[in-house]
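Structure file upload_10.txt with compact mmCIF, N, CA and C atoms:
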# COMPACT_ATOMS: atom_id res chain seq x y z
N MET G 1 0.82 -1.19 0.00
CA MET G 1 0.00 0.00 0.00
C MET G 1 0.86 1.26 0.00
N LYS G 2 1.91 1.27 0.83
CA LYS G 2 2.78 2.43 0.90
C LYS G 2 3.56 2.61 -0.41
N LYS G 3 3.92 1.48 -1.05
CA LYS G 3 4.63 1.57 -2.32
C LYS G 3 3.72 2.17 -3.40
N LYS G 4 2.47 1.78 -3.36
CA LYS G 4 1.51 2.29 -4.35
C LYS G 4 1.35 3.80 -4.20
N LEU G 5 1.19 4.30 -2.97
CA LEU G 5 1.07 5.73 -2.73
C LEU G 5 2.34 6.46 -3.14
N PHE G 6 3.49 5.86 -2.87
CA PHE G 6 4.76 6.46 -3.26
C PHE G 6 4.84 6.62 -4.78
N TYR G 7 4.44 5.58 -5.53
CA TYR G 7 4.47 5.65 -6.99
C TYR G 7 3.47 6.67 -7.52
N ILE G 8 2.32 6.75 -6.92
CA ILE G 8 1.30 7.72 -7.36
C ILE G 8 1.81 9.14 -7.13
N PHE G 9 2.33 9.43 -5.93
CA PHE G 9 2.85 10.77 -5.65
C PHE G 9 4.07 11.09 -6.50
N SER G 10 4.91 10.12 -6.76
CA SER G 10 6.08 10.34 -7.62
C SER G 10 5.64 10.68 -9.04
N GLY G 11 4.66 9.95 -9.54
CA GLY G 11 4.15 10.23 -10.88
C GLY G 11 3.52 11.60 -10.98
N LEU G 12 2.73 11.97 -9.96
CA LEU G 12 2.11 13.29 -9.95
C LEU G 12 3.17 14.40 -9.87
N LEU G 13 4.22 14.16 -9.10
CA LEU G 13 5.29 15.14 -8.99
C LEU G 13 6.01 15.31 -10.33
N VAL G 14 6.26 14.23 -11.03
CA VAL G 14 6.92 14.31 -12.34
C VAL G 14 6.03 15.06 -13.33
N ILE G 15 4.75 14.76 -13.34
CA ILE G 15 3.82 15.46 -14.24
C ILE G 15 3.77 16.95 -13.89
N PHE G 16 3.73 17.27 -12.62
CA PHE G 16 3.71 18.67 -12.18
C PHE G 16 4.98 19.40 -12.61
N LEU G 17 6.13 18.77 -12.46
CA LEU G 17 7.39 19.39 -12.88
C LEU G 17 7.44 19.61 -14.39
N ILE G 18 6.93 18.65 -15.15
CA ILE G 18 6.89 18.80 -16.61
C ILE G 18 6.00 19.97 -17.00
N LEU G 19 4.86 20.12 -16.35
CA LEU G 19 3.97 21.25 -16.63
C LEU G 19 4.62 22.59 -16.29
N ILE G 20 5.35 22.64 -15.19
CA ILE G 20 6.05 23.86 -14.81
C ILE G 20 7.09 24.23 -15.86
N VAL G 21 7.83 23.25 -16.35
CA VAL G 21 8.85 23.52 -17.37
C VAL G 21 8.20 24.01 -18.66
N ILE G 22 7.09 23.42 -19.05
CA ILE G 22 6.40 23.84 -20.28
C ILE G 22 5.89 25.27 -20.15
N ILE G 23 5.28 25.60 -19.03
CA ILE G 23 4.76 26.96 -18.82
C ILE G 23 5.91 27.96 -18.77
N TYR G 24 7.00 27.61 -18.12
CA TYR G 24 8.16 28.49 -18.05
C TYR G 24 8.72 28.76 -19.44
N ARG G 25 8.83 27.72 -20.26
CA ARG G 25 9.36 27.90 -21.61
C ARG G 25 8.42 28.73 -22.48
N LEU G 26 7.11 28.63 -22.26
CA LEU G 26 6.17 29.44 -23.02
C LEU G 26 6.32 30.92 -22.68
N LEU G 27 6.45 31.23 -21.40
CA LEU G 27 6.50 32.63 -20.98
C LEU G 27 7.89 33.24 -21.09
N PHE G 28 8.93 32.48 -20.78
CA PHE G 28 10.27 33.05 -20.69
C PHE G 28 11.22 32.50 -21.75
N GLY G 29 10.77 31.58 -22.59
CA GLY G 29 11.58 31.09 -23.69
C GLY G 29 11.38 31.97 -24.91
N ILE G 30 12.28 31.87 -25.87
CA ILE G 30 12.19 32.70 -27.07
C ILE G 30 10.99 32.27 -27.89
N SER G 31 10.05 33.19 -28.06
CA SER G 31 8.85 32.89 -28.83
C SER G 31 8.42 34.03 -29.73
N ILE G 32 9.25 35.07 -29.83
CA ILE G 32 8.95 36.21 -30.70
C ILE G 32 10.20 36.47 -31.54
N TYR G 33 10.03 36.44 -32.86
CA TYR G 33 11.14 36.61 -33.78
C TYR G 33 10.86 37.79 -34.70
N PRO G 34 11.93 38.44 -35.21
CA PRO G 34 11.70 39.50 -36.22
C PRO G 34 10.96 38.92 -37.41
N GLY G 35 10.01 39.67 -37.93
CA GLY G 35 9.14 39.16 -38.97
C GLY G 35 9.64 39.42 -40.38
N GLU G 36 8.84 38.96 -41.32
CA GLU G 36 9.15 39.13 -42.74
C GLU G 36 9.06 40.60 -43.13
N ASN G 37 8.15 41.33 -42.53
CA ASN G 37 7.91 42.74 -42.88
C ASN G 37 8.94 43.66 -42.24
N GLY G 38 9.91 43.13 -41.59
CA GLY G 38 10.91 43.95 -40.91
C GLY G 38 10.87 43.71 -39.43
N ASN G 39 11.79 44.35 -38.76
CA ASN G 39 11.87 44.16 -37.32
C ASN G 39 11.59 45.44 -36.56
N THR G 40 10.92 46.38 -37.20
CA THR G 40 10.63 47.66 -36.56
C THR G 40 9.17 47.73 -36.13
N LEU G 41 8.97 48.06 -34.88
CA LEU G 41 7.63 48.32 -34.36
C LEU G 41 7.49 49.83 -34.20
N PHE G 42 6.53 50.41 -34.86
CA PHE G 42 6.25 51.83 -34.68
C PHE G 42 4.88 51.95 -34.05
N ILE G 43 4.85 52.47 -32.84
CA ILE G 43 3.60 52.64 -32.11
C ILE G 43 3.30 54.13 -32.06
N PRO G 44 2.29 54.59 -32.81
CA PRO G 44 1.95 56.02 -32.81
C PRO G 44 1.37 56.47 -31.47
N SER G 45 1.50 57.74 -31.18
CA SER G 45 0.93 58.24 -29.93
C SER G 45 -0.59 58.16 -30.00
N GLY G 46 -1.19 57.82 -28.89
CA GLY G 46 -2.65 57.68 -28.82
C GLY G 46 -3.15 56.33 -29.30
N SER G 47 -2.26 55.36 -29.50
CA SER G 47 -2.70 54.04 -29.96
C SER G 47 -3.42 53.30 -28.85
N SER G 48 -4.41 52.52 -29.25
CA SER G 48 -5.10 51.68 -28.28
C SER G 48 -4.35 50.36 -28.13
N TYR G 49 -4.72 49.61 -27.14
CA TYR G 49 -4.07 48.32 -26.88
C TYR G 49 -4.27 47.36 -28.05
N ASN G 50 -5.46 47.34 -28.64
CA ASN G 50 -5.72 46.45 -29.77
C ASN G 50 -4.89 46.84 -30.99
N GLN G 51 -4.67 48.13 -31.20
CA GLN G 51 -3.82 48.57 -32.30
C GLN G 51 -2.38 48.14 -32.09
N VAL G 52 -1.91 48.19 -30.85
CA VAL G 52 -0.55 47.76 -30.54
C VAL G 52 -0.41 46.26 -30.80
N LEU G 53 -1.40 45.47 -30.37
CA LEU G 53 -1.35 44.04 -30.62
C LEU G 53 -1.35 43.73 -32.12
N ASP G 54 -2.16 44.45 -32.89
CA ASP G 54 -2.17 44.26 -34.34
C ASP G 54 -0.82 44.61 -34.95
N THR G 55 -0.19 45.66 -34.47
CA THR G 55 1.13 46.06 -34.97
C THR G 55 2.16 44.99 -34.66
N ILE G 56 2.11 44.45 -33.45
CA ILE G 56 3.06 43.41 -33.06
C ILE G 56 2.87 42.17 -33.93
N GLU G 57 1.63 41.76 -34.11
CA GLU G 57 1.36 40.54 -34.89
C GLU G 57 1.69 40.72 -36.36
N SER G 58 1.56 41.93 -36.91
CA SER G 58 1.85 42.13 -38.33
C SER G 58 3.34 42.29 -38.60
N ASN G 59 4.11 42.79 -37.62
CA ASN G 59 5.54 43.03 -37.85
C ASN G 59 6.45 41.95 -37.28
N LEU G 60 5.98 41.18 -36.33
CA LEU G 60 6.82 40.16 -35.70
C LEU G 60 6.16 38.80 -35.83
N ASN G 61 6.98 37.76 -35.82
CA ASN G 61 6.45 36.40 -35.80
C ASN G 61 6.25 36.00 -34.34
N VAL G 62 5.01 35.88 -33.94
CA VAL G 62 4.66 35.52 -32.56
C VAL G 62 4.11 34.10 -32.58
N LYS G 63 4.73 33.21 -31.79
CA LYS G 63 4.27 31.83 -31.76
C LYS G 63 2.87 31.69 -31.19
N ASN G 64 2.58 32.45 -30.13
CA ASN G 64 1.31 32.30 -29.44
C ASN G 64 0.75 33.68 -29.09
N PRO G 65 -0.03 34.30 -30.02
CA PRO G 65 -0.54 35.64 -29.75
C PRO G 65 -1.50 35.73 -28.57
N GLU G 66 -2.25 34.65 -28.31
CA GLU G 66 -3.18 34.67 -27.17
C GLU G 66 -2.41 34.75 -25.86
N LEU G 67 -1.29 34.06 -25.78
CA LEU G 67 -0.46 34.10 -24.58
C LEU G 67 0.17 35.48 -24.41
N LEU G 68 0.55 36.10 -25.51
CA LEU G 68 1.08 37.47 -25.47
C LEU G 68 0.03 38.42 -24.91
N ASP G 69 -1.20 38.30 -25.38
CA ASP G 69 -2.29 39.14 -24.91
C ASP G 69 -2.53 38.92 -23.41
N TRP G 70 -2.58 37.68 -22.99
CA TRP G 70 -2.83 37.36 -21.58
C TRP G 70 -1.72 37.90 -20.69
N PHE G 71 -0.46 37.70 -21.11
CA PHE G 71 0.67 38.11 -20.29
C PHE G 71 0.77 39.63 -20.23
N ALA G 72 0.44 40.32 -21.34
CA ALA G 72 0.46 41.78 -21.35
C ALA G 72 -0.58 42.33 -20.38
N LYS G 73 -1.74 41.70 -20.34
CA LYS G 73 -2.77 42.16 -19.41
C LYS G 73 -2.36 41.90 -17.96
N LYS G 74 -1.68 40.78 -17.71
CA LYS G 74 -1.22 40.48 -16.35
C LYS G 74 -0.16 41.46 -15.89
N LYS G 75 0.65 41.97 -16.83
CA LYS G 75 1.69 42.94 -16.47
C LYS G 75 1.19 44.38 -16.60
N SER G 76 -0.12 44.57 -16.78
CA SER G 76 -0.78 45.88 -16.86
C SER G 76 -0.24 46.74 -17.99
N TYR G 77 0.09 46.12 -19.12
CA TYR G 77 0.58 46.90 -20.25
C TYR G 77 -0.49 47.79 -20.88
N PRO G 78 -1.76 47.37 -20.97
CA PRO G 78 -2.75 48.25 -21.60
C PRO G 78 -2.89 49.63 -20.93
N LYS G 79 -2.49 49.75 -19.67
CA LYS G 79 -2.59 51.03 -18.97
C LYS G 79 -1.37 51.93 -19.22
N VAL G 80 -0.27 51.33 -19.72
CA VAL G 80 1.01 52.05 -19.80
C VAL G 80 1.56 52.05 -21.23
N ILE G 81 0.74 52.19 -22.23
CA ILE G 81 1.21 52.14 -23.61
C ILE G 81 2.04 53.38 -23.91
N LYS G 82 3.28 53.15 -24.36
CA LYS G 82 4.18 54.26 -24.69
C LYS G 82 4.47 54.21 -26.18
N SER G 83 4.27 55.33 -26.82
CA SER G 83 4.49 55.38 -28.26
C SER G 83 5.99 55.44 -28.54
N GLY G 84 6.35 55.08 -29.77
CA GLY G 84 7.75 55.16 -30.14
C GLY G 84 8.11 54.16 -31.22
N ARG G 85 9.40 54.12 -31.52
CA ARG G 85 9.94 53.22 -32.53
C ARG G 85 10.83 52.21 -31.82
N TYR G 86 10.49 50.96 -31.92
CA TYR G 86 11.21 49.89 -31.26
C TYR G 86 11.76 48.95 -32.34
N ILE G 87 13.05 48.65 -32.27
CA ILE G 87 13.65 47.72 -33.23
C ILE G 87 13.94 46.42 -32.50
N ILE G 88 13.42 45.34 -33.04
CA ILE G 88 13.62 44.01 -32.47
C ILE G 88 14.61 43.28 -33.39
N GLU G 89 15.83 43.05 -32.91
CA GLU G 89 16.86 42.48 -33.76
C GLU G 89 17.07 40.99 -33.57
N LYS G 90 16.65 40.46 -32.44
CA LYS G 90 16.86 39.04 -32.17
C LYS G 90 15.59 38.47 -31.56
N GLY G 91 15.57 37.17 -31.38
CA GLY G 91 14.42 36.54 -30.76
C GLY G 91 14.27 36.96 -29.31
N LEU G 92 13.03 37.18 -28.89
CA LEU G 92 12.74 37.60 -27.53
C LEU G 92 11.70 36.69 -26.91
N SER G 93 11.66 36.71 -25.61
CA SER G 93 10.56 36.05 -24.92
C SER G 93 9.41 37.04 -24.80
N ILE G 94 8.26 36.53 -24.48
CA ILE G 94 7.10 37.39 -24.30
C ILE G 94 7.36 38.38 -23.16
N ASN G 95 7.97 37.92 -22.10
CA ASN G 95 8.27 38.77 -20.96
C ASN G 95 9.21 39.90 -21.35
N GLU G 96 10.25 39.60 -22.13
CA GLU G 96 11.20 40.64 -22.55
C GLU G 96 10.52 41.69 -23.43
N LEU G 97 9.68 41.25 -24.37
CA LEU G 97 9.01 42.20 -25.25
C LEU G 97 8.08 43.12 -24.46
N ILE G 98 7.29 42.56 -23.56
CA ILE G 98 6.39 43.40 -22.76
C ILE G 98 7.18 44.35 -21.87
N SER G 99 8.30 43.90 -21.33
CA SER G 99 9.13 44.78 -20.50
C SER G 99 9.71 45.93 -21.31
N ILE G 100 10.15 45.65 -22.54
CA ILE G 100 10.68 46.71 -23.41
C ILE G 100 9.59 47.73 -23.72
N LEU G 101 8.41 47.24 -24.06
CA LEU G 101 7.32 48.15 -24.41
C LEU G 101 6.82 48.94 -23.21
N ARG G 102 6.76 48.32 -22.03
CA ARG G 102 6.29 49.02 -20.83
C ARG G 102 7.27 50.08 -20.39
N SER G 103 8.58 49.79 -20.48
CA SER G 103 9.56 50.76 -20.01
C SER G 103 9.82 51.86 -21.03
N GLY G 104 9.44 51.65 -22.28
CA GLY G 104 9.64 52.66 -23.31
C GLY G 104 11.07 52.71 -23.81
N ARG G 105 11.81 51.59 -23.74
CA ARG G 105 13.18 51.54 -24.24
C ARG G 105 13.17 51.54 -25.77
N GLN G 106 13.13 52.72 -26.33
CA GLN G 106 13.06 52.87 -27.78
C GLN G 106 14.45 52.89 -28.39
N THR G 107 14.49 52.68 -29.68
CA THR G 107 15.73 52.79 -30.41
C THR G 107 15.85 54.22 -30.91
N PRO G 108 16.99 54.87 -30.69
CA PRO G 108 17.12 56.26 -31.14
C PRO G 108 17.05 56.36 -32.66
N VAL G 109 16.51 57.46 -33.13
CA VAL G 109 16.40 57.72 -34.56
C VAL G 109 17.50 58.70 -34.94
N ARG G 110 18.27 58.35 -35.96
CA ARG G 110 19.33 59.23 -36.44
C ARG G 110 18.80 60.08 -37.58
N ILE G 111 18.98 61.37 -37.46
CA ILE G 111 18.53 62.31 -38.49
C ILE G 111 19.76 63.02 -39.05
N THR G 112 19.86 63.09 -40.36
CA THR G 112 20.97 63.75 -41.02
C THR G 112 20.44 64.85 -41.92
N PHE G 113 20.99 66.05 -41.75
CA PHE G 113 20.65 67.18 -42.62
C PHE G 113 21.84 67.39 -43.55
N ASN G 114 21.66 67.16 -44.83
CA ASN G 114 22.75 67.29 -45.79
C ASN G 114 22.91 68.70 -46.32
N ASN G 115 21.91 69.54 -46.19
CA ASN G 115 21.98 70.87 -46.78
C ASN G 115 22.32 71.96 -45.76
N LEU G 116 22.63 71.58 -44.53
CA LEU G 116 22.99 72.56 -43.49
C LEU G 116 24.41 72.29 -43.01
N ARG G 117 25.19 73.39 -42.86
CA ARG G 117 26.58 73.21 -42.47
C ARG G 117 26.83 73.54 -41.01
N THR G 118 26.10 74.48 -40.45
CA THR G 118 26.35 74.91 -39.08
C THR G 118 25.07 74.82 -38.26
N LEU G 119 25.24 74.93 -36.93
CA LEU G 119 24.08 74.90 -36.03
C LEU G 119 23.24 76.16 -36.20
N ASN G 120 23.87 77.27 -36.55
CA ASN G 120 23.11 78.51 -36.77
C ASN G 120 22.15 78.36 -37.96
N GLN G 121 22.59 77.69 -39.00
CA GLN G 121 21.71 77.45 -40.14
C GLN G 121 20.54 76.54 -39.73
N LEU G 122 20.82 75.55 -38.88
CA LEU G 122 19.75 74.67 -38.42
C LEU G 122 18.76 75.44 -37.56
N ALA G 123 19.25 76.30 -36.69
CA ALA G 123 18.36 77.08 -35.83
C ALA G 123 17.56 78.10 -36.63
N GLY G 124 18.11 78.56 -37.74
CA GLY G 124 17.42 79.57 -38.55
C GLY G 124 16.34 78.93 -39.35

Translate this structure into C-alpha cells?
Amino acid sequence: MKKKLFYIFSGLLVIFLILIVIIYRLLFGISIYPGENGNTLFIPSGSSYNQVLDTIESNLNVKNPELLDWFAKKKSYPKVIKSGRYIIEKGLSINELISILRSGRQTPVRITFNNLRTLNQLAG
C-alpha cells in the first residue's frame, strides 16, 4: 500500500514538474522573432491596446498571440502604452518584449541634414 502511494505521488510530482517547465518555456523562452515585414515596431501616440497588438502581430512572428495578450494584461501593459519606434533584432521572450514596451526603451532615430553646415543654419 505504501509503495503504491509512493508511486502515485512520484508520478504526480513528475507530471507537475513537466507542466512547470512547459509553462516556463512558453513565458520566458524565445517565442517572438523578427518578422518578414521587418523588425521595426512603430507605435503612434494615442494608440489603443488592440492597435498595438495588431502592430506586433503584423511586424513580428509571434508563436502564441493569445499568450502574449494574456501576459500583457497580467503585467498591466494596456494602462502604460508608450508610443515610439522599437527595433527588435533578435528573438525575444514574451516577458522581454512586454518589459521593453512598458519601459519605453526605444531605439534612437538618427537624423541627417545634408543641406545645413552649421548649427546657426539649423536654428534659422

Item checked: Neighbour list for stretch 76-82 of chain G as a list in words, cut-off 8 Å, all atoms listed in the file, skip fewer than 2 positions in-chain ->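 Listing them by chain and then by number gives Ile43, Pro44, Ser45, Gly46, Ser47, Ser48, Tyr49, Asn50, Trp70, Phe71, Ala72, Lys73, Lys74, Gly84, Arg85, Ile98, Leu101, Arg102, Ser103 and Gly104 of chain G.
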
Check: Do you know which residues are at most 6 Å from G:Gly35 counting all atoms listed in the file, after dropping those on the same chain fewer than 5 positions away, and could you put them as a ChimeraX atom specification?
Finding: /G:59-61

Next item on the list: Could you tell me which of G:Lys90, G:Lys63, G:Arg110, G:Arg105 comes closest to G:Ser31 if we count all atoms listed in the file?
Entry: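 Counting all atoms listed in the file, the residue closest to G:Ser31 is G:Lys63.
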
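The closest residue to G:Glu96, picked from G:Leu17, G:Lys75, G:Ala123, G:Phe9 and counting only C-alpha atoms, is G:Lys75.
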
Margin query: To test your reading of the structure, identify every residue in stretch 55-94 of chain G that backbone DSSP assigns to alpha helix (DSSP H), and report it as number ranges by chain.
Written below: G: 55-59, 65-74, 94

Next item on the list: Find, counting only N, CA and C atoms, the residue in G:Leu97, G:Leu5, G:Val62, G:Leu67 that gets nearest to G:Tyr33.
Entry: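 Checking each candidate against G:Tyr33, we get G:Val62 as the closest.
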
Item checked: Interatomic distance (Å, one decimal) between atom CA of G:Leu41 and atom CA of G:Leu68 -> 15.5 Å
